[in-house]
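**Q** This is work_38.txt, which holds compact mmCIF, C-alpha atoms:
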# COMPACT_ATOMS: atom_id res chain seq x y z
CA MET A 1 12.93 -8.66 -2.40
CA ASN A 2 14.78 -11.23 -0.37
CA ILE A 3 13.24 -11.65 3.05
CA PHE A 4 16.26 -13.47 4.43
CA ARG A 5 18.62 -10.70 3.50
CA ILE A 6 16.25 -8.16 4.97
CA PHE A 7 16.03 -10.29 8.12
CA LEU A 8 19.79 -10.61 8.44
CA GLU A 9 20.38 -6.93 7.82
CA SER A 10 17.71 -5.83 10.28
CA SER A 11 18.38 -4.55 13.75
CA THR A 12 18.25 -6.94 16.71
CA ALA A 13 14.90 -5.57 17.86
CA ALA A 14 13.38 -6.13 14.42
CA GLN A 15 14.86 -9.65 14.28
CA ILE A 16 13.36 -10.56 17.66
CA ILE A 17 9.99 -9.24 16.59
CA MET A 18 10.14 -11.18 13.33
CA ILE A 19 11.07 -14.41 15.15
CA VAL A 20 8.15 -13.95 17.54
CA LEU A 21 5.86 -13.33 14.60
CA VAL A 22 7.08 -16.47 12.84
CA ILE A 23 6.36 -18.46 16.01
CA PHE A 24 2.89 -16.94 16.12
CA SER A 25 2.40 -17.88 12.50
CA ILE A 26 3.46 -21.49 13.07
CA TRP A 27 1.23 -21.70 16.11
CA SER A 28 -1.82 -20.20 14.40
CA TRP A 29 -1.47 -22.51 11.41
CA ALA A 30 -1.09 -25.47 13.78
CA ILE A 31 -4.32 -24.42 15.48
CA PHE A 32 -5.96 -24.11 12.09
CA PHE A 33 -5.00 -27.65 11.03
CA SER A 34 -5.87 -29.06 14.41
CA LYS A 35 -9.31 -27.40 14.48
CA LEU A 36 -9.96 -28.34 10.90
CA PHE A 37 -9.23 -31.97 11.73
CA ASN A 38 -11.25 -31.72 14.92
CA PHE A 39 -14.30 -30.17 13.31
CA ALA A 40 -14.22 -32.60 10.41
CA GLY A 41 -14.27 -35.52 12.89
CA VAL A 42 -16.99 -34.00 15.06
CA ASN A 43 -19.07 -33.25 12.00
CA ARG A 44 -18.73 -36.74 10.61
CA ARG A 45 -19.53 -38.47 13.90
CA THR A 46 -22.44 -36.16 14.68
CA LYS A 47 -24.02 -36.77 11.27
CA LYS A 48 -23.67 -40.49 11.74
CA PHE A 49 -25.16 -40.29 15.23
CA LEU A 50 -28.09 -38.12 14.14
CA SER A 51 -28.95 -40.43 11.26
CA ASN A 52 -29.06 -43.38 13.72
CA TYR A 53 -30.95 -41.36 16.28
CA ARG A 54 -33.73 -40.46 13.81
CA PHE A 55 -34.46 -44.13 13.17
CA ARG A 56 -34.88 -44.92 16.85
CA LYS A 57 -38.03 -43.68 18.51
CA GLU A 58 -37.77 -45.31 21.92
CA ILE A 59 -35.67 -44.41 24.93
CA LYS A 60 -34.48 -47.99 25.17
CA GLU A 61 -33.29 -47.90 21.59
CA TRP A 62 -31.42 -44.67 22.23
CA ASP A 63 -29.87 -46.17 25.30
CA SER A 64 -28.57 -49.04 23.22
CA MET A 65 -26.69 -46.83 20.78
CA GLY A 66 -23.50 -47.66 22.63
CA PHE A 67 -20.30 -45.88 21.69
CA GLN A 68 -22.20 -43.39 19.54
CA LEU A 69 -23.46 -41.82 22.72
CA GLY A 70 -19.94 -40.90 23.68
CA ASP A 71 -18.07 -39.92 20.53
CA ASN A 72 -19.89 -36.72 19.53
CA PRO A 73 -21.45 -33.69 21.27
CA CYS A 74 -25.09 -34.60 20.50
CA GLY A 75 -24.53 -38.17 21.64
CA ARG A 76 -23.02 -37.03 24.93
CA ILE A 77 -25.88 -34.60 25.46
CA LEU A 78 -28.39 -37.36 24.84
CA ALA A 79 -26.49 -39.63 27.22
CA SER A 80 -26.58 -37.01 29.98
CA GLY A 81 -30.29 -36.43 29.36
CA LEU A 82 -31.00 -40.16 29.53
CA GLU A 83 -28.96 -40.54 32.70
CA GLU A 84 -30.92 -37.78 34.36
CA TYR A 85 -34.16 -39.29 33.07
CA LYS A 86 -33.32 -42.60 34.68
CA LYS A 87 -32.65 -40.94 38.02
CA LEU A 88 -35.90 -39.01 37.82
CA LYS A 89 -37.80 -42.10 36.81
CA VAL A 90 -36.68 -43.84 40.01
CA LYS A 91 -37.71 -40.84 42.07
CA VAL A 92 -41.07 -40.51 40.36
CA SER A 93 -41.81 -44.24 40.70
CA ALA A 94 -41.06 -44.06 44.45
CA ARG A 95 -43.33 -41.08 44.75
CA LEU A 96 -46.14 -42.81 42.91
CA MET A 97 -46.19 -45.50 45.58
CA GLN A 98 -47.62 -42.97 47.98
CA GLN A 99 -51.30 -42.63 47.03
CA GLU A 100 -51.82 -39.33 48.76
CA ALA A 101 -49.22 -37.67 46.61
CA ARG A 102 -50.78 -38.63 43.29
CA GLN A 103 -52.80 -35.47 43.04
CA LYS A 104 -49.74 -33.30 43.18
CA GLU A 105 -47.75 -35.58 40.85
CA ARG A 106 -47.87 -33.45 37.70
CA GLY A 107 -46.40 -30.41 39.42
CA PHE A 108 -43.71 -32.57 40.95
CA ILE A 109 -42.73 -34.04 37.55
CA ASN A 110 -42.59 -30.60 36.00
CA GLU A 111 -40.16 -29.48 38.65
CA LEU A 112 -37.98 -32.54 38.22
CA ALA A 113 -38.04 -32.40 34.42
CA ASP A 114 -36.06 -29.18 34.54
CA ASN A 115 -33.19 -31.20 35.97
CA MET A 116 -32.94 -33.05 32.65
CA ARG A 117 -32.66 -29.78 30.76
CA LEU A 118 -30.05 -28.47 33.17
CA ALA A 119 -28.02 -31.67 32.85
CA MET A 120 -28.08 -31.39 29.06
CA GLU A 121 -27.22 -27.66 29.24
CA ARG A 122 -24.21 -28.47 31.39
CA THR A 123 -23.03 -31.01 28.88
CA LYS A 124 -23.61 -28.53 26.09
CA ILE A 125 -21.43 -25.94 27.84
CA SER A 126 -18.57 -28.40 28.21
CA GLU A 127 -18.97 -29.48 24.57
CA ILE A 128 -18.91 -25.89 23.31
CA THR A 129 -15.90 -25.17 25.49
CA GLN A 130 -14.13 -28.08 23.86
CA LEU A 131 -15.10 -26.89 20.39
CA GLU A 132 -13.88 -23.40 21.24
CA TRP A 133 -10.56 -24.71 22.46
CA SER A 134 -7.66 -22.51 21.32
CA LEU A 135 -9.92 -19.97 19.61
CA PRO A 136 -8.93 -17.39 22.27
CA THR A 137 -5.27 -18.05 21.36
CA LEU A 138 -6.07 -17.43 17.72
CA SER A 139 -7.90 -14.27 18.67
CA THR A 140 -4.84 -13.14 20.64
CA PHE A 141 -2.63 -13.65 17.59
CA VAL A 142 -5.08 -11.68 15.47
CA SER A 143 -4.93 -8.70 17.75
CA VAL A 144 -1.30 -8.84 18.88
CA SER A 145 0.50 -9.52 15.58
CA PRO A 146 -0.25 -6.20 13.87
CA PHE A 147 0.75 -4.38 17.03
CA LEU A 148 4.03 -6.27 17.18
CA GLY A 149 4.63 -5.40 13.53
CA LEU A 150 3.80 -1.81 14.30
CA LEU A 151 6.23 -1.85 17.21
CA GLY A 152 8.96 -3.01 14.81
CA THR A 153 7.99 -0.24 12.41
CA VAL A 154 8.12 2.45 15.04
CA TRP A 155 11.41 1.06 16.30
CA GLY A 156 12.91 1.08 12.80
CA ILE A 157 11.77 4.62 12.12
CA MET A 158 13.15 5.71 15.46
CA GLU A 159 16.50 4.16 14.56
CA ALA A 160 16.43 5.88 11.18
CA PHE A 161 15.92 9.23 12.85
CA LEU A 162 18.65 8.52 15.37
CA GLU A 163 20.95 7.70 12.45
CA ILE A 164 20.03 11.00 10.83
CA ARG A 165 20.88 12.79 14.04
CA ALA A 166 24.17 10.93 14.43
CA ARG A 167 25.32 11.58 10.87
CA GLY A 168 23.80 14.99 10.48
CA SER A 169 22.35 14.08 7.11
CA ALA A 170 18.94 12.98 5.91
CA HIS A 171 20.26 11.35 2.77
CA ILE A 172 18.24 8.43 1.39
CA THR A 173 21.13 5.98 1.94
CA ILE A 174 20.98 6.74 5.64
CA VAL A 175 17.20 6.74 6.03
CA ALA A 176 16.27 3.88 3.70
CA PRO A 177 17.66 0.89 5.71
CA GLY A 178 15.81 1.90 8.85
CA ILE A 179 12.58 2.46 6.96
CA SER A 180 12.82 -0.88 5.14
CA ASP A 181 13.45 -2.69 8.47
CA ALA A 182 10.56 -0.82 9.85
CA LEU A 183 8.18 -1.83 7.10
CA ILE A 184 9.15 -5.51 6.94
CA THR A 185 7.98 -6.12 10.51
CA THR A 186 4.59 -4.66 9.65
CA VAL A 187 4.43 -6.97 6.65
CA TYR A 188 5.22 -9.96 8.89
CA GLY A 189 2.63 -8.84 11.40
CA LEU A 190 -0.06 -8.59 8.76
CA LEU A 191 0.96 -11.92 7.22
CA VAL A 192 0.35 -13.54 10.59
CA ALA A 193 -2.77 -11.60 11.52
CA ILE A 194 -4.74 -11.89 8.28
CA PRO A 195 -4.82 -15.73 8.02
CA ALA A 196 -5.36 -15.99 11.80
CA LEU A 197 -8.35 -13.67 11.53
CA ILE A 198 -9.80 -15.73 8.68
CA PHE A 199 -9.33 -18.97 10.67
CA TYR A 200 -10.85 -17.41 13.74
CA ASN A 201 -13.95 -16.27 11.89
CA ILE A 202 -14.38 -19.63 10.18
CA PHE A 203 -14.20 -21.55 13.46
CA ARG A 204 -16.24 -19.04 15.39
CA SER A 205 -19.09 -19.36 12.91
CA ARG A 206 -18.83 -23.16 13.04
CA VAL A 207 -19.03 -23.14 16.82
CA ASN A 208 -22.05 -20.85 16.65
CA ASN A 209 -23.72 -23.21 14.19
CA TYR A 210 -23.02 -26.17 16.45
CA SER A 211 -24.35 -24.28 19.42
CA SER A 212 -27.66 -23.57 17.73
CA GLU A 213 -27.87 -27.16 16.44
CA ILE A 214 -27.27 -28.48 19.94
CA ASP A 215 -29.92 -26.13 21.35
CA LYS A 216 -32.47 -27.52 18.90
CA PHE A 217 -31.43 -31.05 19.79
CA ILE A 218 -31.72 -30.39 23.53
CA SER A 219 -35.22 -28.97 23.23
CA GLU A 220 -36.26 -31.95 21.12
CA ILE A 221 -34.88 -34.49 23.62
CA TYR A 222 -36.24 -32.57 26.58
CA ALA A 223 -39.73 -32.49 25.17
CA TYR A 224 -39.67 -36.23 24.54
CA LEU A 225 -38.24 -37.20 27.94
CA ARG A 226 -40.64 -34.91 29.74
CA LYS A 227 -43.54 -36.50 27.94
CA GLU A 228 -42.24 -39.92 28.96
CA LEU A 229 -42.06 -38.85 32.58
CA MET A 230 -45.61 -37.51 32.42
CA THR A 231 -46.89 -40.85 31.17
CA LEU A 232 -45.63 -42.41 34.37
CA ALA A 233 -48.06 -40.30 36.40
CA GLN A 234 -51.11 -41.35 34.39
CA MET B 1 3.74 -29.82 20.55
CA ASN B 2 1.50 -32.17 18.59
CA ARG B 3 1.51 -33.38 14.99
CA PHE B 4 -0.26 -30.24 13.83
CA HIS B 5 2.55 -28.06 15.11
CA ILE B 6 5.05 -30.26 13.30
CA PHE B 7 2.94 -30.05 10.16
CA SER B 8 2.77 -26.27 10.50
CA ILE B 9 6.54 -26.02 10.98
CA LEU B 10 7.05 -28.13 7.85
CA LEU B 11 4.65 -25.91 5.93
CA HIS B 12 6.47 -22.76 7.02
CA THR B 13 9.79 -24.33 6.13
CA LEU B 14 8.45 -25.10 2.68
CA VAL B 15 7.12 -21.59 2.20
CA PHE B 16 10.39 -20.02 3.33
CA ALA B 17 12.34 -22.39 1.11
CA ALA B 18 10.16 -21.46 -1.86
CA ILE B 19 10.69 -17.78 -1.17
CA PHE B 20 14.41 -18.36 -0.76
CA ILE B 21 14.67 -20.28 -4.04
CA SER B 22 12.58 -17.76 -5.94
CA GLY B 23 14.65 -14.94 -4.45
CA ARG B 24 18.01 -16.46 -5.38
CA ALA B 25 18.10 -14.40 -8.52
CA HIS B 26 18.12 -11.35 -6.32
CA LEU B 27 21.00 -12.60 -4.21
CA LYS B 28 23.56 -10.93 -6.46
CA PRO B 29 25.51 -8.44 -4.39
CA ILE B 30 24.06 -5.01 -4.57
CA PRO B 31 26.51 -2.75 -6.39
CA LYS B 32 27.80 0.02 -4.25
CA LEU B 33 26.44 3.18 -5.69
CA GLU B 34 28.35 6.35 -5.49
CA VAL B 35 26.16 9.25 -4.75
CA TYR B 36 26.88 12.55 -6.39
CA LYS B 37 25.34 15.64 -5.02
CA VAL B 38 24.26 17.93 -7.81
CA SER B 39 22.86 21.38 -7.53
CA LEU B 40 21.22 23.03 -10.48
CA ALA B 41 22.59 26.34 -11.65
CA PRO B 42 19.91 28.99 -12.07
CA LEU B 43 18.83 29.77 -15.59
CA PRO B 44 20.06 33.09 -16.92
CA GLN B 45 17.50 35.73 -16.20
CA PRO B 46 16.17 37.76 -19.09
CA GLN B 47 17.06 41.38 -19.05
CA ILE B 48 14.33 43.86 -19.75
CA ILE B 49 15.13 47.02 -21.63
CA GLN B 50 12.70 49.80 -22.19
CA PRO B 51 11.42 50.14 -25.79
CA GLU B 52 12.55 53.66 -26.53
CA GLU B 53 16.13 52.49 -26.52
CA VAL B 54 15.67 50.16 -29.48
CA THR B 55 12.89 50.01 -32.01
CA GLU B 56 10.49 52.05 -33.97
CA GLU B 57 7.74 49.42 -33.50
CA PRO B 58 6.49 50.29 -30.05
CA GLU B 59 4.03 47.41 -29.69
CA GLU B 60 6.40 44.62 -30.42
CA VAL B 61 8.40 42.60 -27.99
CA THR B 62 11.82 41.54 -29.10
CA GLU B 63 13.89 38.87 -27.53
CA GLU B 64 17.47 38.46 -28.37
CA LYS B 65 19.46 35.42 -27.86
CA LYS B 66 23.10 35.51 -27.05
CA PRO B 67 25.60 32.74 -26.85
CA GLU B 68 26.37 31.62 -23.37
CA GLU B 69 29.93 30.74 -23.85
CA LYS B 70 32.76 33.10 -23.75
CA ALA B 71 33.67 34.60 -27.08
CA PRO B 72 37.33 35.13 -27.74
CA PRO B 73 38.40 38.72 -27.79
CA GLU B 74 38.98 38.83 -31.55
CA LYS B 75 35.33 37.98 -32.20
CA GLU B 76 34.14 40.67 -29.93
CA GLU B 77 35.89 43.06 -32.20
CA LYS B 78 34.13 41.51 -35.16
CA LYS B 79 30.82 42.00 -33.44
CA ALA B 80 31.20 45.70 -33.25
CA GLN B 81 28.11 46.27 -35.43
CA PRO B 82 25.40 45.63 -32.84
CA PRO B 83 24.65 48.37 -30.36
CA GLU B 84 27.26 49.04 -27.72
CA LYS B 85 25.20 47.63 -24.92
CA LYS B 86 25.07 44.21 -26.47
CA VAL B 87 28.81 44.01 -26.76
CA GLU B 88 29.27 45.08 -23.19
CA LYS B 89 26.84 42.45 -22.04
CA LYS B 90 28.58 39.81 -24.01
CA THR B 91 31.94 40.49 -22.52
CA GLU B 92 30.57 40.72 -19.02
CA GLU B 93 28.44 37.64 -18.99
CA VAL B 94 29.94 34.27 -18.80
CA VAL B 95 27.40 31.53 -18.85
CA LYS B 96 28.30 28.09 -17.66
CA LYS B 97 28.64 25.29 -20.14
CA GLY B 98 25.62 23.09 -20.51
CA LEU B 99 23.07 25.80 -20.03
CA PRO B 100 21.05 26.94 -23.03
CA ASP B 101 23.09 29.49 -24.86
CA ILE B 102 20.39 32.06 -24.71
CA LYS B 103 20.75 35.39 -23.05
CA PRO B 104 17.84 37.45 -24.18
CA LYS B 105 17.20 41.09 -24.19
CA ILE B 106 13.57 41.97 -24.22
CA TYR B 107 12.16 45.05 -25.72
CA THR B 108 8.65 45.88 -24.76
CA GLY B 109 6.32 48.29 -26.43
CA SER B 110 3.11 50.15 -25.59
CA GLY B 111 4.47 51.18 -22.22
CA ARG B 112 3.19 48.00 -20.62
CA GLY B 113 6.28 45.86 -20.72
CA PHE B 114 6.35 42.09 -20.70
CA THR B 115 7.95 41.63 -17.34
CA TYR B 116 7.32 37.95 -16.77
CA SER B 117 10.84 36.65 -16.77
CA TYR B 118 9.80 33.12 -15.80
CA TYR B 119 7.72 32.92 -18.98
CA LEU B 120 10.59 34.10 -21.10
CA ASN B 121 12.85 31.57 -19.43
CA ILE B 122 10.45 28.82 -20.43
CA LEU B 123 10.16 30.22 -23.97
CA LEU B 124 13.92 30.35 -24.39
CA SER B 125 14.43 26.97 -22.79
CA LYS B 126 11.88 25.25 -25.04
CA ILE B 127 13.07 26.86 -28.25
CA GLY B 128 16.70 26.46 -27.18
CA ASN B 129 16.18 22.74 -26.68
CA ASN B 130 14.83 22.44 -30.21
CA TRP B 131 17.62 24.46 -31.77
CA HIS B 132 20.54 22.50 -33.09
CA ASN B 133 23.11 25.06 -34.02
CA PRO B 134 25.05 23.64 -36.97
CA PHE B 135 27.94 26.02 -36.34
CA ARG B 136 28.31 25.44 -32.67
CA GLY B 137 31.95 25.47 -31.70
CA LYS B 138 33.02 26.74 -35.07
CA ASP B 139 34.83 29.94 -35.66
CA ILE B 140 31.99 31.77 -37.28
CA VAL B 141 29.59 34.54 -36.29
CA LEU B 142 26.04 34.42 -37.59
CA ARG B 143 22.93 36.25 -36.61
CA SER B 144 19.38 35.71 -37.70
CA ILE B 145 16.13 36.98 -36.26
CA VAL B 146 12.94 34.98 -36.34
CA TYR B 147 9.67 36.71 -35.78
CA PHE B 148 6.67 34.91 -34.34
CA GLU B 149 3.58 35.52 -32.29
CA VAL B 150 2.29 33.71 -29.23
CA ASP B 151 -1.41 33.76 -28.47
CA LYS B 152 -3.05 33.60 -25.05
CA ASN B 153 -3.03 29.81 -25.09
CA GLY B 154 0.65 29.67 -25.91
CA HIS B 155 0.28 28.63 -29.56
CA ILE B 156 3.05 29.86 -31.83
CA TYR B 157 2.05 31.19 -35.21
CA SER B 158 3.07 33.67 -37.93
CA VAL B 159 6.62 32.40 -37.88
CA ARG B 160 8.87 34.13 -40.39
CA LEU B 161 12.49 34.96 -40.87
CA GLU B 162 12.98 38.58 -40.10
CA GLU B 163 16.69 38.91 -40.56
CA ASP B 164 18.75 36.71 -42.80
CA SER B 165 22.05 35.49 -41.41
CA GLY B 166 23.40 34.94 -44.90
CA ASN B 167 23.60 31.22 -44.35
CA ALA B 168 20.58 29.21 -45.51
CA LEU B 169 21.31 26.27 -43.20
CA TYR B 170 21.60 28.52 -40.19
CA ASN B 171 18.33 30.29 -41.07
CA GLU B 172 16.65 26.98 -41.56
CA THR B 173 17.70 25.65 -38.13
CA ALA B 174 16.55 28.86 -36.44
CA MET B 175 13.15 28.73 -38.16
CA ARG B 176 12.85 25.04 -37.45
CA ALA B 177 13.57 25.53 -33.75
CA VAL B 178 10.59 27.89 -33.48
CA VAL B 179 8.26 25.92 -35.73
CA ILE B 180 8.71 22.57 -34.03
CA THR B 181 8.24 24.09 -30.60
CA LYS B 182 4.61 24.66 -31.69
CA ARG B 183 3.29 25.42 -28.28
CA LEU B 184 4.39 27.27 -25.17
CA PRO B 185 2.63 27.58 -21.84
CA PRO B 186 -0.35 29.97 -21.88
CA LEU B 187 0.57 33.60 -21.47
CA PRO B 188 0.40 34.91 -17.90
CA ASP B 189 -3.13 35.88 -16.91
CA GLU B 190 -1.91 39.25 -15.80
CA PHE B 191 -0.65 40.03 -19.30
CA ALA B 192 -3.39 42.16 -20.79
CA ASP B 193 -2.68 41.80 -24.54
CA ASP B 194 -4.17 39.05 -26.66
CA TYR B 195 -0.86 37.97 -28.05
CA LEU B 196 2.83 38.49 -27.68
CA LYS B 197 5.06 39.48 -30.57
CA VAL B 198 8.52 38.06 -30.36
CA HIS B 199 11.63 38.86 -32.35
CA LEU B 200 14.00 36.13 -31.38
CA GLU B 201 17.61 36.54 -32.26
CA PHE B 202 19.70 33.48 -32.94
CA LEU B 203 23.28 34.44 -32.54
CA THR B 204 26.23 32.17 -32.69
CA ALA B 205 29.74 33.13 -31.78
CA GLN B 206 32.51 31.05 -30.33
Would you put the structure from the file into structure tokens?
**A**
Amino acid sequence: MNIFRIFLESSTAAQIIMIVLVIFSIWSWAIFFSKLFNFAGVNRRTKKFLSNYRFRKEIKEWDSMGFQLGDNPCGRILASGLEEYKKLKVKVSARLMQQEARQKERGFINELADNMRLAMERTKISEITQLEWSLPTLSTFVSVSPFLGLLGTVWGIMEAFLEIRARGSAHITIVAPGISDALITTVYGLLVAIPALIFYNIFRSRVNNYSSEIDKFISEIYAYLRKELMTLAQ
Amino acid sequence: MNRFHIFSILLHTLVFAAIFISGRAHLKPIPKLEVYKVSLAPLPQPQIIQPEEVTEEPEEVTEEKKPEEKAPPEKEEKKAQPPEKKVEKKTEEVVKKGLPDIKPKIYTGSGRGFTYSYYLNILLSKIGNNWHNPFRGKDIVLRSIVYFEVDKNGHIYSVRLEEDSGNALYNETAMRAVVITKRLPPLPDEFADDYLKVHLEFLTAQ
């Protein structure tokens, strides 16, 4: 089988479909390499950050982690949590100056502490969105490519039947070219869709894993920061 | 377009190049095939003759084989010995070249008649394929009859030479054709008897 000969001998419609499918293929593989590179970097930086984070038990120490707070999702989430904590700390300290409000302080801190969680959740959403970047494109290729291939197949079969009608004969030499054109587009479609589906599933599961890891991290940070805020009221 | 797209394009180029190089062997021009339309000629149908016309053995089935090709008129004269009907048939029937030179007449006994012409066609075709007539195309007339029996499962047994042609080689080839056939399709379910007795005539005449 020579795919170039089949391509050259195909009808214009089949050629257009095959070119589109090749573009899809190039694009999906580019996404694959890009995401692979991306995830490898994120993974490496996150591991490094988490190993540093575990050794530091104080908010001040976390605050001094520098660039590590900005080069990975967990670091950015921690940074947003710390930022919100600092704002709340100023508010709580101002409130503590008023003696009459002391009794209601715990309820007030509880209300404000939720702001830290919300800030970290917002950061998480933007991080996940970044991690999911171009997965919808991959998903589109997965679903569209077989249909495009199928379109080429139907088109080829239609042409074969038209040829039969024009020549008044159903001989194999008349039917075979149309059928072979028809089938090659389906082959192209599947060749694009199958790897794209595999890539999509790989990256989707990685994003899900990150999401659950980040959730655990957020609850851990939130609990600690909330406790720190509570100590201010005592 | 970023570096990953360029990398992907390079990868695709490599893959296509590999396919192209591996497919170069197939780049030889495809020979233009001429298509011949062929239609198969129908096999000669066996002719069934009622038993009272021929034999004293009412229970036996006899098949006769006739050459398919036209016999020259002088030989027809030579073949005056067989019953008149046979001669008439021979002159009337012209079988195309390439078909098995078998044109049987079937004699059925016991009033039941073996009327399954498709089975007889298969029988004649199989035995005919195994028969290598040593005198084919030669100016000689020989006739030998081989008797055999076919059981329900189509096994051939009790093969014996019933009528000597006078030529040992010819007899041998006729016997051999039946013996090496060994097995035929099972007899039709509708056929009530346990076995079929066949008297197969091997006749050569050019």
**Q** Each residue of chain B with at least one atom at most 7 Å from chain A should appear once, together with its nearest atom pair and the corresponding distance in Å (one decimal); atoms considered: all atoms listed in the file; ordering: chain, then increasing residue number; output as CSV.
**A**
residue,atom,partner,partner_atom,distance
B:Phe4,CA,A:Ala30,CA,4.8
B:His5,CA,A:Ala30,CA,4.7
B:Ser8,CA,A:Ala30,CA,5.1
B:Ile9,CA,A:Ile26,CA,5.9
B:His12,CA,A:Ile26,CA,6.9
B:Gly23,CA,A:Asn2,CA,5.5
B:His26,CA,A:Asn2,CA,6.8
**Q** By how many Å are CA of Thr173 in chain B and CA of Trp131 in chain B apart?
**A**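 A separation of 6.5 Å between them.
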**Q** Provide the CA of Ser165 in chain B to CA of Ser144 in chain B distance in Å, to one decimal place.
**A**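 Going from CA of Ser165 in chain B over to CA of Ser144 in chain B covers 4.6 Å.
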**Q** Fewer than 4 positions away in the same chain doesn't count, so skip those; otherwise give me all residues within 8 Å of range 180-188 of chain A, counting only C-alpha atoms, as a list in words.
**A**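 The neighbour list is Ile6, Ser10, Ser11, Ala14, Ile17, Met18, Leu21, Val22, Pro146, Leu148, Gly149, Leu150, Gly152, Thr153, Val154, Trp155, Gly156, Ile157, Ala176 and Val192 of chain A.
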**Q** The selected residues should be written to file as a compact mmCIF listing (two decimals), in the coordinates of the input (atoms: C-alpha atoms).
**A**
# COMPACT_ATOMS: atom_id res chain seq x y z
CA ILE A 6 16.25 -8.16 4.97
CA SER A 10 17.71 -5.83 10.28
CA SER A 11 18.38 -4.55 13.75
CA ALA A 14 13.38 -6.13 14.42
CA ILE A 17 9.99 -9.24 16.59
CA MET A 18 10.14 -11.18 13.33
CA LEU A 21 5.86 -13.33 14.60
CA VAL A 22 7.08 -16.47 12.84
CA PRO A 146 -0.25 -6.20 13.87
CA LEU A 148 4.03 -6.27 17.18
CA GLY A 149 4.63 -5.40 13.53
CA LEU A 150 3.80 -1.81 14.30
CA GLY A 152 8.96 -3.01 14.81
CA THR A 153 7.99 -0.24 12.41
CA VAL A 154 8.12 2.45 15.04
CA TRP A 155 11.41 1.06 16.30
CA GLY A 156 12.91 1.08 12.80
CA ILE A 157 11.77 4.62 12.12
CA ALA A 176 16.27 3.88 3.70
CA VAL A 192 0.35 -13.54 10.59
**Q** What gap, in Å, lies between CA of Asn38 in chain A and CA of Ala196 in chain A?
**A**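 CA of Ala196 in chain A lies 17.1 Å from CA of Asn38 in chain A.
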